[in-house]
Amino acid sequence: MPRMVRAVILVGLIAVVPLVAGLPAGAEPSAVGAKQVEVGEAQARLAQIQSQVDAAYAEYDEAVARLEELNGEIAATNEELIEAEKDLVAARAELEERAAQVYKSGNVGFLDVLMGSEDFSEFARRLELWVRLLAEQRAEFVRVREIRDELVQRQEDLEARRDDRAATVQRAADRRAEAARLVAEAQAYLNNASGELRAAIEAEELARQAAAQEAAERAQEAQPEPTLRLVADTREMELTEAAQRQAELAAERAARERAAAERAAAERAAAEREAELAAQRAARQEAKERAAERREARLAAARQAAEERRQAELAAQRAEERRLAAEQARAAAELAQQQAEAERQAAQEAAANELIAAEAPVQQPVAQPVPEQTAPEQAVPQPAPGQPAPAPQPAPSPAPPAGGSSCGDTFGGVQPHVAAAGCEVRAQFGLQTIYGLRPGDPGDHGSGLALDFMVYDDAALGDQVANYLLANKDRLGVYYVIWQQRINFGSGWQYMEDRGSPTANHMDHPHASFVAR
């Protein structure tokens, strides 16, 4: 066969073999294209979802930043509220102190203002100044309390806004988590579609290689040996191309796997970053809560200290009030005692005057003997009609030797045996008030031969003193005793005329006259 004809035949075989190899039996080139379209759509969807994820992350970061800003406002308001609470405590303490001073001074302070004023206009000005100072103090307290209330309201509003912003942050976090889930699903779908696309391409390549091999074998059986060598060379070239194509596919798979690994690493890094941010936010929140607790504890401590200080001031005020009340009571008691003493002295003077007038009609001569005299008994007035006779008196005890006063009291300068009788009665009955000598008295008191034993309203004690004097009449040198408008010379009680007053009628003291020695 001529050389030109063989060349034409070889060229025709070379042209026919690739076509046959490119269209293997049973191959469907449209499946690969469909998978490529599906993978492209998945990539576009993934890019769209990724943009939504970026927007969700941006929204979350903005919500967190606004929440942090609001937390800063709340912290600043809380600090202002603490200062306002302190100012309110101080204003309340000052108002209470001023009111306590006004209350503690009471009428005394009012009298100071009144007595220290020269005229009514000056008094009115001082009183108006006093009231204005107290009103200004109260106005300051009200102003500070209103500021505190405004801060409390503002803090409550901020707390409500913080709750809303926290809910916004939570919604943004939920959207971000949902977007991340959609990204993961889209990535998984893309990986699945890419795997199916790779499998379709590999199956198509294997089918094409099998078809090419089958065609080469048929051509080898039908052609002479040069053609077979050409087919073999072509086969070898195709195998080389297939190997290159497989290498390229493996490189693409490795690149896709590397990209997937990089995306997974990026997702893990994002998750770790999110966990770190969440930990930082939790730490900041915990620190804020601890700071709020410390502020609340400091505020509570300040309130407790203010309350304790107020209680101490109130206790001191009450103690001062009690002290002032005690001083006033003591001064009133002293004044009452002075008045009582003055009244007692006036009563004593009046009683002494009455005694002078009352005892004058029964005075007897000083030289009259004591036991043997019967003339005084004959001169005793008769009892009033209808009055019972007095009971007989006990016998007198023996008279001791005459002596001086045993208690050192002379009762104004009475005679010694009279002073001794007064000391004995005082020792016997504990009497403190015994009147004796009255200079200028024309009767026994003027000559130091009479004693008045003051028992006041104790009638039983007066009975005991009168009976004791009569029982020891001779020993003590008693001439007669007058007690409760009655007179007794030792033989019984006889009623006397009414002298007009209890003292003149000897209702508050027994009177004893003594014989001279």
# chains A, B, ... in the order shown; residues from 1 in each chain; ligands from 1
$ residues_around --residues "Met507 (chain A)" --least-positions-apart "5" --cutoff "7 Å" --atoms "only C-alpha atoms" --output "ChimeraX atom specification"
/A:483-485,502
$ closest_residue --among "A:Thr234, A:Arg438, A:Arg517, A:Met496" --to "Leu476 (chain A)" --atoms "only C-alpha atoms"
A:Arg517
$ atom_distance --atom1 "CA of Ala56 (chain A)" --atom2 "CA of Ala179 (chain A)"
7.3 Å
$ closest_residue --among "A:Ala186, A:Met237, A:Leu158, A:Ala63" --to "Gln43 (chain A)" --atoms "only C-alpha atoms"
A:Ala186
$ closest_residue --among "A:Glu185, A:Glu73, A:Glu94, A:Glu241" --to "Glu140 (chain A)" --atoms "only C-alpha atoms"
A:Glu94
$ closest_atom_pairs --of "region 190-226 of chain A" --to "region 254-266 of chain A" --cutoff "12 Å" --atoms "only C-alpha atoms" --output "CSV"
residue,atom,partner,partner_atom,distance
A:Leu190,CA,A:Ala260,CA,10.2
A:Asn191,CA,A:Ala260,CA,8.2
A:Asn192,CA,A:Ala260,CA,11.9
A:Ser194,CA,A:Arg256,CA,8.8
A:Gly195,CA,A:Arg256,CA,10.0
A:Arg198,CA,A:Arg256,CA,10.9
$ residues_around --residues "region 81-92 of chain A" --least-positions-apart "3" --cutoff "10 Å" --atoms "only C-alpha atoms" --output "number ranges by chain"
A: 75-78, 95-98, 137-152, 154-155, 295-296, 298-300, 302-303, 305-307, 310
$ atom_distance --atom1 "CA of Val414 (chain A)" --atom2 "CA of Ser447 (chain A)"
7.5 Å
$ atom_distance --atom1 "CA of Ala250 (chain A)" --atom2 "CA of Asp233 (chain A)"
25.4 Å
$ residues_around --residues "Tyr479 (chain A)" --least-positions-apart "4" --cutoff "6 Å" --atoms "only C-alpha atoms" --output "list in words"
Ser513, Phe514 and Val515 of chain A
$ write_last_selection --atoms "N, CA, C and O atoms" --output "PDB file, in the first residue's frame"
ATOM      1  N   SER A 513     -47.074  72.984 181.423  1.00  0.00           N
ATOM      2  CA  SER A 513     -46.494  74.018 182.297  1.00  0.00           C
ATOM      3  C   SER A 513     -45.868  73.313 183.500  1.00  0.00           C
ATOM      4  O   SER A 513     -46.369  72.284 183.980  1.00  0.00           O
ATOM      5  N   PHE A 514     -44.747  73.853 183.978  1.00  0.00           N
ATOM      6  CA  PHE A 514     -43.964  73.233 185.056  1.00  0.00           C
ATOM      7  C   PHE A 514     -43.921  74.172 186.256  1.00  0.00           C
ATOM      8  O   PHE A 514     -44.024  75.406 186.122  1.00  0.00           O
ATOM      9  N   VAL A 515     -43.733  73.550 187.429  1.00  0.00           N
ATOM     10  CA  VAL A 515     -43.555  74.345 188.653  1.00  0.00           C
ATOM     11  C   VAL A 515     -42.123  74.827 188.725  1.00  0.00           C
ATOM     12  O   VAL A 515     -41.227  74.236 188.130  1.00  0.00           O
TER      13      VAL A 515
END
$ decode --residues "region 71-85 of chain A" --atoms "all heavy atoms" --output "short mmCIF file (atom, residue, chain, number, x, y, z; two decimals), in the first residue's frame"
data_model
loop_
_atom_site.label_atom_id
_atom_site.label_comp_id
_atom_site.auth_asym_id
_atom_site.auth_seq_id
_atom_site.Cartn_x
_atom_site.Cartn_y
_atom_site.Cartn_z
N ASN A 71 -25.61 49.68 81.01
CA ASN A 71 -25.08 49.26 82.30
C ASN A 71 -24.20 50.36 82.91
O ASN A 71 -24.21 50.58 84.13
CB ASN A 71 -24.28 47.96 82.16
CG ASN A 71 -25.18 46.76 81.94
OD1 ASN A 71 -26.33 46.75 82.37
ND2 ASN A 71 -24.67 45.74 81.27
N GLY A 72 -23.45 51.05 82.06
CA GLY A 72 -22.65 52.17 82.56
C GLY A 72 -23.54 53.28 83.11
O GLY A 72 -23.24 53.86 84.17
N GLU A 73 -24.63 53.58 82.40
CA GLU A 73 -25.55 54.60 82.91
C GLU A 73 -26.17 54.17 84.24
O GLU A 73 -26.30 54.98 85.16
CB GLU A 73 -26.67 54.85 81.89
CG GLU A 73 -26.21 55.52 80.60
CD GLU A 73 -27.39 55.81 79.68
OE1 GLU A 73 -28.50 56.00 80.21
OE2 GLU A 73 -27.20 55.84 78.46
N ILE A 74 -26.53 52.89 84.34
CA ILE A 74 -27.11 52.40 85.59
C ILE A 74 -26.10 52.50 86.73
O ILE A 74 -26.44 52.90 87.85
CB ILE A 74 -27.60 50.94 85.41
CG1 ILE A 74 -28.79 50.91 84.45
CG2 ILE A 74 -27.99 50.32 86.75
CD1 ILE A 74 -29.27 49.52 84.11
N ALA A 75 -24.85 52.15 86.45
CA ALA A 75 -23.82 52.25 87.49
C ALA A 75 -23.64 53.70 87.94
O ALA A 75 -23.54 53.99 89.14
CB ALA A 75 -22.50 51.66 86.97
N ALA A 76 -23.59 54.62 86.95
CA ALA A 76 -23.44 56.04 87.31
C ALA A 76 -24.65 56.53 88.11
O ALA A 76 -24.50 57.25 89.11
CB ALA A 76 -23.27 56.87 86.04
N THR A 77 -25.85 56.12 87.70
CA THR A 77 -27.05 56.52 88.45
C THR A 77 -27.03 55.94 89.86
O THR A 77 -27.46 56.59 90.82
CB THR A 77 -28.30 56.05 87.70
OG1 THR A 77 -28.28 56.58 86.37
CG2 THR A 77 -29.57 56.54 88.40
N ASN A 78 -26.55 54.70 89.97
CA ASN A 78 -26.47 54.09 91.30
C ASN A 78 -25.51 54.85 92.20
O ASN A 78 -25.79 55.06 93.39
CB ASN A 78 -26.02 52.63 91.16
CG ASN A 78 -26.25 51.84 92.43
OD1 ASN A 78 -27.00 52.26 93.30
ND2 ASN A 78 -25.61 50.70 92.55
N GLU A 79 -24.38 55.30 91.64
CA GLU A 79 -23.46 56.11 92.43
C GLU A 79 -24.13 57.43 92.86
O GLU A 79 -24.00 57.85 94.02
CB GLU A 79 -22.19 56.40 91.61
CG GLU A 79 -21.35 55.19 91.30
CD GLU A 79 -20.72 54.61 92.55
OE1 GLU A 79 -20.58 55.36 93.55
OE2 GLU A 79 -20.36 53.42 92.54
N GLU A 80 -24.84 58.07 91.93
CA GLU A 80 -25.55 59.30 92.29
C GLU A 80 -26.60 59.03 93.36
O GLU A 80 -26.81 59.85 94.26
CB GLU A 80 -26.20 59.90 91.05
CG GLU A 80 -25.21 60.39 90.00
CD GLU A 80 -25.91 60.95 88.79
OE1 GLU A 80 -27.16 61.02 88.79
OE2 GLU A 80 -25.22 61.33 87.82
N LEU A 81 -27.26 57.87 93.25
CA LEU A 81 -28.29 57.53 94.23
C LEU A 81 -27.67 57.33 95.61
O LEU A 81 -28.25 57.73 96.63
CB LEU A 81 -29.03 56.27 93.79
CG LEU A 81 -30.17 55.80 94.69
CD1 LEU A 81 -31.22 56.88 94.85
CD2 LEU A 81 -30.80 54.53 94.14
N ILE A 82 -26.50 56.70 95.65
CA ILE A 82 -25.81 56.51 96.94
C ILE A 82 -25.48 57.87 97.56
O ILE A 82 -25.70 58.10 98.76
CB ILE A 82 -24.55 55.65 96.74
CG1 ILE A 82 -24.94 54.21 96.37
CG2 ILE A 82 -23.69 55.66 98.00
CD1 ILE A 82 -23.76 53.35 96.03
N GLU A 83 -24.94 58.78 96.75
CA GLU A 83 -24.63 60.11 97.26
C GLU A 83 -25.90 60.83 97.72
O GLU A 83 -25.91 61.52 98.75
CB GLU A 83 -23.92 60.93 96.18
CG GLU A 83 -22.55 60.38 95.78
CD GLU A 83 -21.58 60.39 96.96
OE1 GLU A 83 -21.68 61.29 97.81
OE2 GLU A 83 -20.75 59.46 97.03
N ALA A 84 -26.99 60.66 96.94
CA ALA A 84 -28.25 61.30 97.34
C ALA A 84 -28.78 60.72 98.65
O ALA A 84 -29.33 61.45 99.48
CB ALA A 84 -29.30 61.13 96.23
N GLU A 85 -28.61 59.41 98.83
CA GLU A 85 -29.03 58.79 100.09
C GLU A 85 -28.22 59.37 101.25
O GLU A 85 -28.76 59.66 102.32
CB GLU A 85 -28.84 57.28 100.01
CG GLU A 85 -29.84 56.55 99.14
CD GLU A 85 -31.20 56.44 99.78
OE1 GLU A 85 -31.31 56.78 100.97
OE2 GLU A 85 -32.16 56.04 99.11
#
